[in-house]
>>> print(open('final_13.cif').read())   # mmCIF, C-alpha atoms
data_input
#
loop_
_atom_site.label_atom_id
_atom_site.label_comp_id
_atom_site.auth_asym_id
_atom_site.auth_seq_id
_atom_site.Cartn_x
_atom_site.Cartn_y
_atom_site.Cartn_z
CA MET A 1 -26.93 -0.81 2.73
CA THR A 2 -23.92 -2.89 3.76
CA THR A 3 -22.29 -6.18 2.89
CA ASP A 4 -19.83 -8.27 4.88
CA ARG A 5 -16.76 -6.72 3.23
CA PRO A 6 -16.64 -3.07 2.17
CA ALA A 7 -15.77 -2.38 -1.44
CA PHE A 8 -12.34 -0.82 -1.89
CA VAL A 9 -12.45 1.58 -4.84
CA ILE A 10 -9.19 3.05 -6.16
CA THR A 11 -9.64 6.21 -8.23
CA ILE A 12 -6.74 7.86 -10.04
CA ASP A 13 -7.17 11.31 -11.58
CA THR A 14 -5.09 10.60 -14.66
CA GLU A 15 -3.74 13.91 -15.92
CA GLY A 16 -0.62 15.81 -16.95
CA ASP A 17 2.46 16.53 -14.89
CA ASP A 18 2.19 18.94 -11.92
CA ILE A 19 -1.03 20.69 -12.97
CA TRP A 20 -0.85 22.53 -9.62
CA SER A 21 1.92 24.73 -11.09
CA ARG A 22 -0.42 25.74 -13.95
CA PRO A 23 2.06 24.99 -16.75
CA ARG A 24 1.70 26.68 -20.12
CA THR A 25 2.77 23.47 -21.84
CA VAL A 26 1.39 20.32 -20.28
CA THR A 27 3.60 17.22 -20.32
CA THR A 28 2.59 13.61 -19.60
CA LYS A 29 5.79 11.96 -18.39
CA ASN A 30 3.94 10.49 -15.42
CA ALA A 31 2.29 7.95 -17.74
CA GLY A 32 5.57 6.03 -17.67
CA TYR A 33 5.30 5.60 -13.89
CA LEU A 34 1.87 3.95 -13.88
CA PRO A 35 2.91 0.32 -14.54
CA ARG A 36 4.57 0.14 -11.12
CA PHE A 37 1.38 1.33 -9.45
CA GLN A 38 -0.75 -1.07 -11.47
CA ALA A 39 1.50 -3.96 -10.49
CA LEU A 40 1.12 -3.05 -6.81
CA CYS A 41 -2.66 -3.01 -7.14
CA GLU A 42 -2.69 -6.39 -8.85
CA ARG A 43 -0.38 -7.89 -6.25
CA HIS A 44 -3.01 -7.11 -3.62
CA GLY A 45 -6.01 -8.12 -5.75
CA LEU A 46 -7.20 -4.55 -6.32
CA ARG A 47 -8.60 -2.99 -9.50
CA PRO A 48 -8.01 0.73 -10.07
CA SER A 49 -10.20 3.12 -12.03
CA TYR A 50 -8.14 5.55 -14.12
CA LEU A 51 -10.17 8.72 -14.74
CA VAL A 52 -8.52 10.21 -17.79
CA ASN A 53 -8.38 13.79 -19.06
CA TRP A 54 -7.64 15.23 -22.50
CA GLU A 55 -3.83 15.35 -22.52
CA MET A 56 -3.51 11.82 -21.17
CA ALA A 57 -6.01 10.57 -23.75
CA GLN A 58 -3.57 11.91 -26.36
CA CYS A 59 -0.48 10.38 -24.73
CA PRO A 60 0.83 7.31 -26.65
CA VAL A 61 2.45 5.88 -23.51
CA PHE A 62 -0.76 6.06 -21.55
CA ARG A 63 -2.82 4.71 -24.43
CA GLU A 64 -0.66 1.61 -24.60
CA PHE A 65 -0.83 1.18 -20.83
CA GLY A 66 -4.59 1.77 -20.67
CA ARG A 67 -5.35 -0.64 -23.50
CA ASP A 68 -3.40 -3.35 -21.71
CA VAL A 69 -5.30 -2.72 -18.46
CA VAL A 70 -8.62 -2.92 -20.30
CA ALA A 71 -7.63 -6.01 -22.30
CA ARG A 72 -6.65 -7.89 -19.13
CA ARG A 73 -9.69 -6.61 -17.23
CA ALA A 74 -7.26 -5.42 -14.57
CA GLY A 75 -8.89 -2.03 -14.11
CA GLU A 76 -11.15 0.54 -15.70
CA ILE A 77 -10.84 3.66 -17.85
CA GLY A 78 -13.19 6.53 -17.08
CA MET A 79 -13.39 10.26 -17.77
CA HIS A 80 -11.90 13.25 -15.93
CA LEU A 81 -12.53 16.62 -17.56
CA HIS A 82 -10.33 19.70 -17.18
CA ALA A 83 -12.47 22.34 -18.85
CA TRP A 84 -9.72 24.86 -19.57
CA ASN A 85 -7.79 22.68 -22.03
CA ASN A 86 -10.48 20.26 -23.20
CA PRO A 87 -11.77 20.91 -26.74
CA PRO A 88 -13.71 22.67 -28.03
CA LEU A 89 -11.65 25.56 -26.67
CA VAL A 90 -13.64 28.74 -26.10
CA PRO A 91 -11.87 31.15 -23.71
CA LEU A 92 -13.82 31.87 -20.54
CA SER A 93 -11.28 34.27 -19.03
CA ALA A 94 -8.28 36.31 -20.12
CA ASP A 95 -6.01 33.41 -19.13
CA ASP A 96 -7.75 30.04 -18.72
CA ASP A 97 -4.41 28.21 -18.36
CA PHE A 98 -3.79 30.21 -15.20
CA HIS A 99 -7.29 30.44 -13.72
CA HIS A 100 -8.40 26.84 -14.47
CA PRO A 101 -12.14 27.60 -14.78
CA PHE A 102 -14.60 24.96 -13.60
CA LEU A 103 -16.69 23.25 -16.26
CA ILE A 104 -19.81 24.33 -14.37
CA GLU A 105 -18.88 27.97 -15.13
CA TYR A 106 -19.24 27.48 -18.90
CA PRO A 107 -22.49 27.85 -20.87
CA VAL A 108 -24.49 24.64 -21.00
CA ASP A 109 -23.92 24.03 -24.70
CA GLN A 110 -20.15 24.28 -24.21
CA MET A 111 -20.34 21.95 -21.21
CA ARG A 112 -22.21 19.41 -23.32
CA ASP A 113 -19.75 19.73 -26.20
CA LYS A 114 -16.68 19.26 -23.99
CA ILE A 115 -18.21 16.15 -22.40
CA ALA A 116 -19.08 14.75 -25.83
CA VAL A 117 -15.63 15.38 -27.31
CA LEU A 118 -13.67 13.78 -24.46
CA THR A 119 -16.09 10.86 -24.17
CA ALA A 120 -15.75 10.11 -27.88
CA GLU A 121 -11.95 10.41 -27.73
CA LEU A 122 -11.67 8.00 -24.81
CA GLU A 123 -14.06 5.49 -26.32
CA ARG A 124 -12.17 5.59 -29.61
CA ALA A 125 -8.79 5.21 -27.89
CA PHE A 126 -9.75 2.35 -25.55
CA GLN A 127 -12.71 0.74 -27.35
CA VAL A 128 -14.90 0.67 -24.22
CA LYS A 129 -18.00 2.59 -23.23
CA MET A 130 -17.29 5.40 -20.78
CA LEU A 131 -19.32 4.78 -17.63
CA SER A 132 -17.39 6.41 -14.77
CA HIS A 133 -16.38 10.00 -14.18
CA ARG A 134 -14.88 12.57 -11.84
CA ALA A 135 -15.21 16.30 -12.44
CA GLY A 136 -12.09 18.39 -12.81
CA ARG A 137 -11.30 20.11 -9.51
CA PHE A 138 -14.21 18.10 -8.01
CA MET A 139 -16.79 20.64 -9.24
CA LEU A 140 -20.17 19.05 -9.92
CA ASP A 141 -23.60 20.68 -10.02
CA GLU A 142 -27.10 19.72 -11.14
CA THR A 143 -26.52 20.76 -14.75
CA TYR A 144 -23.30 18.76 -14.98
CA ALA A 145 -24.93 15.70 -13.39
CA GLN A 146 -27.80 15.84 -15.87
CA LEU A 147 -25.39 16.09 -18.81
CA LEU A 148 -23.47 13.07 -17.52
CA ALA A 149 -26.66 11.04 -17.21
CA ASP A 150 -27.71 12.11 -20.70
CA ALA A 151 -24.32 10.96 -22.05
CA GLY A 152 -24.77 7.49 -20.55
CA TYR A 153 -22.47 7.76 -17.53
CA ARG A 154 -23.53 5.48 -14.69
CA VAL A 155 -21.27 6.55 -11.84
CA ASP A 156 -19.67 9.77 -10.63
CA CYS A 157 -17.15 10.23 -7.80
CA SER A 158 -16.79 14.02 -7.60
CA VAL A 159 -18.39 14.57 -4.18
CA THR A 160 -16.00 15.27 -1.30
CA PRO A 161 -18.17 15.11 1.85
CA HIS A 162 -17.36 17.47 4.74
CA VAL A 163 -15.36 19.72 2.38
CA SER A 164 -16.32 23.14 1.05
CA TRP A 165 -14.50 24.51 -2.01
CA THR A 166 -16.23 27.90 -1.94
CA SER A 167 -12.93 29.68 -1.22
CA LYS A 168 -11.31 28.11 -4.30
CA PRO A 169 -11.67 30.37 -7.35
CA GLY A 170 -12.28 29.31 -10.90
CA ALA A 171 -12.90 31.99 -13.48
CA PRO A 172 -12.43 35.57 -12.20
CA GLY A 173 -15.72 36.96 -10.98
CA GLY A 174 -17.17 33.50 -10.41
CA LYS A 175 -18.82 32.33 -7.23
CA GLY A 176 -16.11 29.81 -6.31
CA GLY A 177 -16.36 26.09 -5.86
CA VAL A 178 -19.05 23.77 -4.55
CA ASP A 179 -19.83 23.32 -0.86
CA TYR A 180 -20.04 19.58 -0.15
CA SER A 181 -19.89 19.94 3.62
CA GLN A 182 -23.42 18.56 4.09
CA PHE A 183 -23.30 15.86 1.40
CA PRO A 184 -23.60 12.15 2.28
CA GLU A 185 -20.60 9.90 2.83
CA ALA A 186 -22.43 6.82 1.52
CA ALA A 187 -23.18 6.12 -2.14
CA TYR A 188 -26.59 7.12 -3.52
CA PHE A 189 -28.46 7.46 -6.79
CA VAL A 190 -28.57 11.19 -7.43
CA ASP A 191 -31.61 13.45 -7.49
CA LEU A 192 -30.69 15.44 -10.60
CA GLN A 193 -32.61 18.44 -9.32
CA HIS A 194 -30.79 18.42 -5.97
CA ILE A 195 -27.53 16.47 -6.17
CA ARG A 196 -27.03 16.58 -2.42
CA GLN A 197 -29.85 14.09 -1.95
CA ALA A 198 -30.84 10.67 -3.20
CA GLY A 199 -33.27 10.34 -6.08
CA ASP A 200 -34.29 7.97 -8.83
CA SER A 201 -31.83 8.89 -11.58
CA SER A 202 -29.52 6.42 -13.30
CA LEU A 203 -26.39 8.22 -12.00
CA LEU A 204 -24.79 6.74 -8.89
CA GLU A 205 -22.68 9.06 -6.75
CA VAL A 206 -19.78 7.34 -4.98
CA PRO A 207 -18.22 9.96 -2.68
CA VAL A 208 -14.53 10.06 -1.87
CA THR A 209 -13.97 8.65 1.61
CA ILE A 210 -13.37 11.63 3.89
CA VAL A 211 -13.85 11.38 7.65
CA PRO A 212 -14.15 14.40 9.97
CA GLN A 213 -11.77 14.41 12.92
CA ARG A 214 -12.65 15.25 16.51
CA TYR A 215 -10.07 16.79 18.85
CA PRO A 216 -10.04 17.94 22.48
CA ALA A 217 -11.67 21.29 23.16
CA ILE A 218 -8.29 22.99 23.67
CA VAL A 219 -7.26 22.10 20.10
CA GLU A 220 -10.48 23.56 18.73
CA ARG A 221 -9.95 26.75 20.75
CA VAL A 222 -6.42 27.16 19.40
CA ARG A 223 -7.68 26.48 15.88
CA ALA A 224 -10.28 29.23 16.26
CA ARG A 225 -7.72 31.72 17.57
CA VAL A 226 -5.24 31.22 14.72
CA ARG A 227 -7.83 31.09 11.94
CA GLY A 228 -6.87 34.56 10.72
CA ILE A 229 -3.09 33.94 10.81
CA SER A 230 -2.23 32.02 7.65
CA VAL A 231 1.07 30.49 8.78
CA LEU A 232 -0.29 29.26 12.10
CA ARG A 233 -3.49 28.10 10.44
CA ARG A 234 -1.50 25.94 8.03
CA ILE A 235 0.55 24.47 10.89
CA MET A 236 -2.60 23.59 12.82
CA HIS A 237 -4.16 22.10 9.70
CA ARG A 238 -1.13 19.91 9.18
CA LEU A 239 -0.91 18.76 12.80
CA PHE A 240 -4.66 18.45 13.37
CA PRO A 241 -6.41 18.06 9.99
CA PRO A 242 -10.16 18.74 10.18
CA GLN A 243 -10.78 15.74 7.92
CA VAL A 244 -8.84 12.68 6.84
CA TRP A 245 -9.10 11.73 3.20
CA LEU A 246 -8.30 8.21 2.05
CA ARG A 247 -5.42 9.80 0.20
CA PRO A 248 -1.73 9.51 1.14
CA ASN A 249 0.31 12.66 1.67
CA GLY A 250 3.58 11.23 2.98
CA ARG A 251 2.80 11.67 6.67
CA ASN A 252 -0.59 10.05 7.28
CA ARG A 253 -0.05 6.28 7.04
CA ARG A 254 -1.32 5.68 10.57
CA ARG A 255 -4.49 7.70 9.96
CA LEU A 256 -5.16 5.90 6.67
CA LEU A 257 -4.79 2.47 8.26
CA THR A 258 -7.00 3.50 11.17
CA LEU A 259 -9.67 4.78 8.78
CA LEU A 260 -9.59 1.57 6.77
CA ALA A 261 -9.61 -0.64 9.87
CA GLY A 262 -12.78 1.09 11.05
CA ALA A 263 -14.65 0.81 7.74
CA GLY A 264 -16.44 -2.41 8.58
CA ARG A 265 -17.13 -1.36 12.16
CA ASP A 266 -18.63 1.92 10.93
CA GLY A 267 -20.91 0.09 8.53
CA ARG A 268 -19.32 1.50 5.37
CA ASP A 269 -20.32 -0.24 2.17
CA HIS A 270 -17.40 1.33 0.32
CA VAL A 271 -14.15 3.13 0.92
CA GLU A 272 -12.78 5.23 -1.91
CA PHE A 273 -9.09 5.98 -2.30
CA MET A 274 -7.94 8.79 -4.57
CA LEU A 275 -4.65 10.03 -5.95
CA HIS A 276 -3.38 11.81 -9.05
CA SER A 277 -1.31 9.92 -11.60
CA SER A 278 1.33 12.65 -11.44
CA GLU A 279 1.77 12.07 -7.69
CA LEU A 280 3.39 8.74 -8.57
CA MET A 281 6.31 10.51 -10.31
CA PRO A 282 9.11 12.44 -8.60
CA GLY A 283 8.45 16.14 -9.16
CA GLY A 284 5.02 15.48 -10.62
CA SER A 285 3.22 17.21 -7.75
CA PRO A 286 3.89 19.56 -4.83
CA THR A 287 3.46 16.60 -2.45
CA PHE A 288 6.09 14.13 -3.65
CA ARG A 289 9.06 16.02 -5.06
CA SER A 290 11.92 13.53 -4.80
CA ALA A 291 12.60 9.89 -5.58
CA ALA A 292 12.96 9.25 -1.86
CA GLU A 293 9.49 10.66 -1.23
CA ILE A 294 8.07 8.41 -3.95
CA GLU A 295 9.68 5.38 -2.31
CA ALA A 296 8.14 6.38 1.01
CA LEU A 297 4.78 6.79 -0.75
CA TYR A 298 5.02 3.25 -2.10
CA GLY A 299 5.73 2.01 1.40
CA ASP A 300 2.50 3.65 2.55
CA LEU A 301 0.58 2.31 -0.45
CA ASP A 302 1.84 -1.22 0.10
CA ALA A 303 0.75 -1.18 3.74
CA LEU A 304 -2.66 0.31 2.90
CA PHE A 305 -3.35 -1.96 -0.06
CA ALA A 306 -2.27 -5.05 1.88
CA ARG A 307 -4.89 -4.23 4.51
CA ALA A 308 -7.48 -3.44 1.84
CA GLY A 309 -6.80 -6.69 0.00
CA ARG A 310 -7.35 -8.61 3.21
CA ASP A 311 -10.36 -6.78 4.63
CA CYS A 312 -12.19 -5.43 1.56
CA THR A 313 -13.26 -6.43 -1.93
CA GLY A 314 -11.41 -4.59 -4.67
CA VAL A 315 -13.71 -3.26 -7.40
CA THR A 316 -13.70 -0.61 -10.10
CA LEU A 317 -16.24 2.20 -10.09
CA SER A 318 -18.49 0.44 -12.61
CA GLU A 319 -18.23 -2.82 -10.71
CA TYR A 320 -19.23 -1.00 -7.54
CA HIS A 321 -22.22 0.46 -9.41
CA ASP A 322 -23.34 -3.06 -10.30
CA ARG A 323 -22.76 -4.36 -6.77
CA PHE A 324 -24.68 -1.43 -5.26
CA THR A 325 -27.55 -1.86 -7.71
CA ARG A 326 -27.85 -5.57 -6.96
CA ALA A 327 -27.96 -4.84 -3.24
CA VAL A 328 -30.62 -2.15 -3.68
CA VAL A 329 -32.74 -4.47 -5.83
CA GLY A 330 -32.28 -7.23 -3.27
CA GLU A 331 -33.38 -4.99 -0.41
CA ALA A 332 -36.42 -3.84 -2.37
CA ARG A 333 -37.36 -7.47 -3.08
CA MET A 334 -37.03 -8.32 0.62
CA ARG A 335 -39.26 -5.39 1.57
CA THR A 336 -41.85 -6.56 -0.96
CA MET A 337 -41.73 -10.09 0.41
CA ASP A 338 -42.14 -8.78 3.96
CA ALA A 339 -45.11 -6.66 2.92
CA ASP A 340 -46.77 -9.63 1.18
CA ARG A 341 -46.10 -12.11 3.99
CA PRO A 342 -49.30 -13.00 5.93
CA VAL A 343 -49.52 -11.62 9.45
CA ARG A 344 -49.91 -14.31 12.09
CA ALA A 345 -52.40 -13.97 14.89
CA GLY A 346 -51.02 -11.84 17.69
CA GLN A 347 -48.34 -10.21 15.51
CA GLN A 348 -48.15 -6.64 14.40
CA ARG A 349 -46.59 -5.23 11.25
#
>>> encode(input="final_13.cif", output="structure tokens")
Amino acid sequence: MTTDRPAFVITIDTEGDDIWSRPRTVTTKNAGYLPRFQALCERHGLRPSYLVNWEMAQCPVFREFGRDVVARRAGEIGMHLHAWNNPPLVPLSADDDFHHPFLIEYPVDQMRDKIAVLTAELERAFQVKMLSHRAGRFMLDETYAQLLADAGYRVDCSVTPHVSWTSKPGAPGGKGGVDYSQFPEAAYFVDLQHIRQAGDSSLLEVPVTIVPQRYPAIVERVRARVRGISVLRRIMHRLFPPQVWLRPNGRNRRRLLTLLAGAGRDGRDHVEFMLHSSELMPGGSPTFRSAAEIEALYGDLDALFARAGRDCTGVTLSEYHDRFTRAVVGEARMRTMDADRPVRAGQQR
């Protein structure tokens, strides 16, 4: 299902400062850096979706910012759940602040309660129904998807196609993360019994845009030979990434622009950008440590968003859900009309 212009969906995991360092006390200074990003989006006619976790829902600075975005219809507020510090707090390991357990590792009743508490907090803070969601650490399974649908969520964006997280631990003794390597790149209504495939549920999956890269055979041979040597493996991964995410890292502007330029040619109905709110603040992430690196990031964002504003249609996650649904209904109506149309002599169906 395609339209003339792909949808450009900006998703921001809106969370505390430098969660990668697993802080004992989570701060939310990065909320003060979001107005600059919002202004950039608006300058290019784009509408971000801020997927908000517990500590940012409590942050007065973010609340003021988010209410303004909602009031001006300049973006969307959705939900992003970090299970380890989202009430109700029931320890899953000896040190949840260090291990960062996945929500899918908790008992179902605790999963449901955590979803309900954060949903209610966000709806109270921003006075809008929560419709969009991304799982903390990208970890979604069938149980989680069913709970989201039961809670009235219409769209999820947790799937990272071509990426397996099985080597990433959550709670000690767990089975690791989800393997999305065979999941679709295109959006689809989820089969709640098998979230890898399309079904007839009310929950639309909008995967992050991730494109596998192909290299000459010699590169693949070198990659295979250094797989067991961590330092060399990291160097190869940096020079020849196996996938390109629509996500800036300070050294991939050319790849991002190439990916976006090819979206229409490749028949993509959507391209989904992602970043963390803390990556917009110096020292808020391992990726952008200095003010100079943030300025370089904004140079990349300006170039990417200028192209997106020209070649795509900027929509929030919920707006994309509505656009996708209208297109699906339209295609179904066309198929019905074709089936009902009389067959002329000499023609075959």
>>> closest_residue(input="final_13.cif", among="A:Gly228, A:Asn252, A:Tyr106, A:Ser318", to="Ser93 of chain A", atoms="all atoms listed in the file")
A:Tyr106
>>> closest_atom_pairs(input="final_13.cif", of="segment 218-313 of chain A", to="segment 145-167 of chain A", cutoff="9 Å", atoms="only C-alpha atoms", output="Markdown table")
| residue | atom | partner | partner_atom | distance |
| --- | --- | --- | --- | --- |
| A:Gln243 | CA | A:His162 | CA | 7.5 |
| A:Trp245 | CA | A:Thr160 | CA | 9.0 |
| A:Glu272 | CA | A:Cys157 | CA | 8.9 |
>>> atom_distance(input="final_13.cif", atom1="atom CA of His133 of chain A", atom2="atom CA of Glu205 of chain A")
9.8 Å
>>> closest_residue(input="final_13.cif", among="A:Val206, A:Ala74, A:Leu92, A:Ala120", to="Ser132 of chain A", atoms="all atoms listed in the file")
A:Val206
>>> residues_around(input="final_13.cif", residues="segment 123-126 of chain A", least_positions_apart="4", cutoff="8 Å", atoms="only C-alpha atoms", output="MDAnalysis selection string")
chainID A and resid 57 63 66:67 70 77 119 130
>>> residues_around(input="final_13.cif", residues="Glu293 of chain A", least_positions_apart="5", cutoff="10 Å", atoms="all atoms listed in the file", output="ChimeraX atom specification")
/A:249-250,280-283,287-288,298-299
>>> closest_residue(input="final_13.cif", among="A:Gly75, A:Pro87, A:Pro101, A:Pro6", to="Glu121 of chain A", atoms="all atoms listed in the file")
A:Pro87
>>> residues_around(input="final_13.cif", residues="segment 306-311 of chain A", least_positions_apart="5", cutoff="12 Å", atoms="all atoms listed in the file", output="JSON, numbers by chain")
{"A": [4, 5, 6, 7, 8, 9, 10, 40, 41, 42, 43, 44, 45, 46, 47, 246, 253, 256, 257, 258, 259, 260, 261, 262, 263, 264, 265, 270, 271, 272, 273, 298, 299, 300, 301]}
>>> write_last_selection(input="final_13.cif", atoms="C-alpha atoms", output="short mmCIF file (atom, residue, chain, number, x, y, z; two decimals), in the frame of the given file")
data_model
loop_
_atom_site.label_atom_id
_atom_site.label_comp_id
_atom_site.auth_asym_id
_atom_site.auth_seq_id
_atom_site.Cartn_x
_atom_site.Cartn_y
_atom_site.Cartn_z
CA ASP A 4 -19.83 -8.27 4.88
CA ARG A 5 -16.76 -6.72 3.23
CA PRO A 6 -16.64 -3.07 2.17
CA ALA A 7 -15.77 -2.38 -1.44
CA PHE A 8 -12.34 -0.82 -1.89
CA VAL A 9 -12.45 1.58 -4.84
CA ILE A 10 -9.19 3.05 -6.16
CA LEU A 40 1.12 -3.05 -6.81
CA CYS A 41 -2.66 -3.01 -7.14
CA GLU A 42 -2.69 -6.39 -8.85
CA ARG A 43 -0.38 -7.89 -6.25
CA HIS A 44 -3.01 -7.11 -3.62
CA GLY A 45 -6.01 -8.12 -5.75
CA LEU A 46 -7.20 -4.55 -6.32
CA ARG A 47 -8.60 -2.99 -9.50
CA LEU A 246 -8.30 8.21 2.05
CA ARG A 253 -0.05 6.28 7.04
CA LEU A 256 -5.16 5.90 6.67
CA LEU A 257 -4.79 2.47 8.26
CA THR A 258 -7.00 3.50 11.17
CA LEU A 259 -9.67 4.78 8.78
CA LEU A 260 -9.59 1.57 6.77
CA ALA A 261 -9.61 -0.64 9.87
CA GLY A 262 -12.78 1.09 11.05
CA ALA A 263 -14.65 0.81 7.74
CA GLY A 264 -16.44 -2.41 8.58
CA ARG A 265 -17.13 -1.36 12.16
CA HIS A 270 -17.40 1.33 0.32
CA VAL A 271 -14.15 3.13 0.92
CA GLU A 272 -12.78 5.23 -1.91
CA PHE A 273 -9.09 5.98 -2.30
CA TYR A 298 5.02 3.25 -2.10
CA GLY A 299 5.73 2.01 1.40
CA ASP A 300 2.50 3.65 2.55
CA LEU A 301 0.58 2.31 -0.45
#
>>> atom_distance(input="final_13.cif", atom1="atom CA of Ala327 of chain A", atom2="atom CA of Tyr144 of chain A")
26.8 Å
>>> closest_residue(input="final_13.cif", among="A:Pro35, A:Pro207, A:Gly173, A:Pro60", to="Asp269 of chain A", atoms="all atoms listed in the file")
A:Pro207
>>> atom_distance(input="final_13.cif", atom1="atom CA of His276 of chain A", atom2="atom CA of Glu76 of chain A")
15.2 Å
>>> residues_near_point(input="final_13.cif", point="(-23.7, 18.4, -3.7)", cutoff="8 Å", atoms="all atoms listed in the file", output="MDAnalysis selection string")
chainID A and resid 140:141 159 178:180 182:183 194:197
>>> closest_residue(input="final_13.cif", among="A:Val211, A:Ala198, A:Leu131, A:Ala83", to="Ser181 of chain A", atoms="all atoms listed in the file")
A:Val211
>>> residues_near_point(input="final_13.cif", point="(-13.9, 9.8, -16.7)", cutoff="6 Å", atoms="all atoms listed in the file", output="PDB file with C-alpha atoms, keeping the file's coordinate frame")
ATOM      1  CA  LEU A  51     -10.170   8.720 -14.740  1.00  0.00           C
ATOM      2  CA  VAL A  52      -8.520  10.210 -17.790  1.00  0.00           C
ATOM      3  CA  GLY A  78     -13.190   6.530 -17.080  1.00  0.00           C
ATOM      4  CA  MET A  79     -13.390  10.260 -17.770  1.00  0.00           C
ATOM      5  CA  HIS A  80     -11.900  13.250 -15.930  1.00  0.00           C
ATOM      6  CA  SER A 132     -17.390   6.410 -14.770  1.00  0.00           C
ATOM      7  CA  HIS A 133     -16.380  10.000 -14.180  1.00  0.00           C
ATOM      8  CA  ARG A 134     -14.880  12.570 -11.840  1.00  0.00           C
TER       9      ARG A 134
END
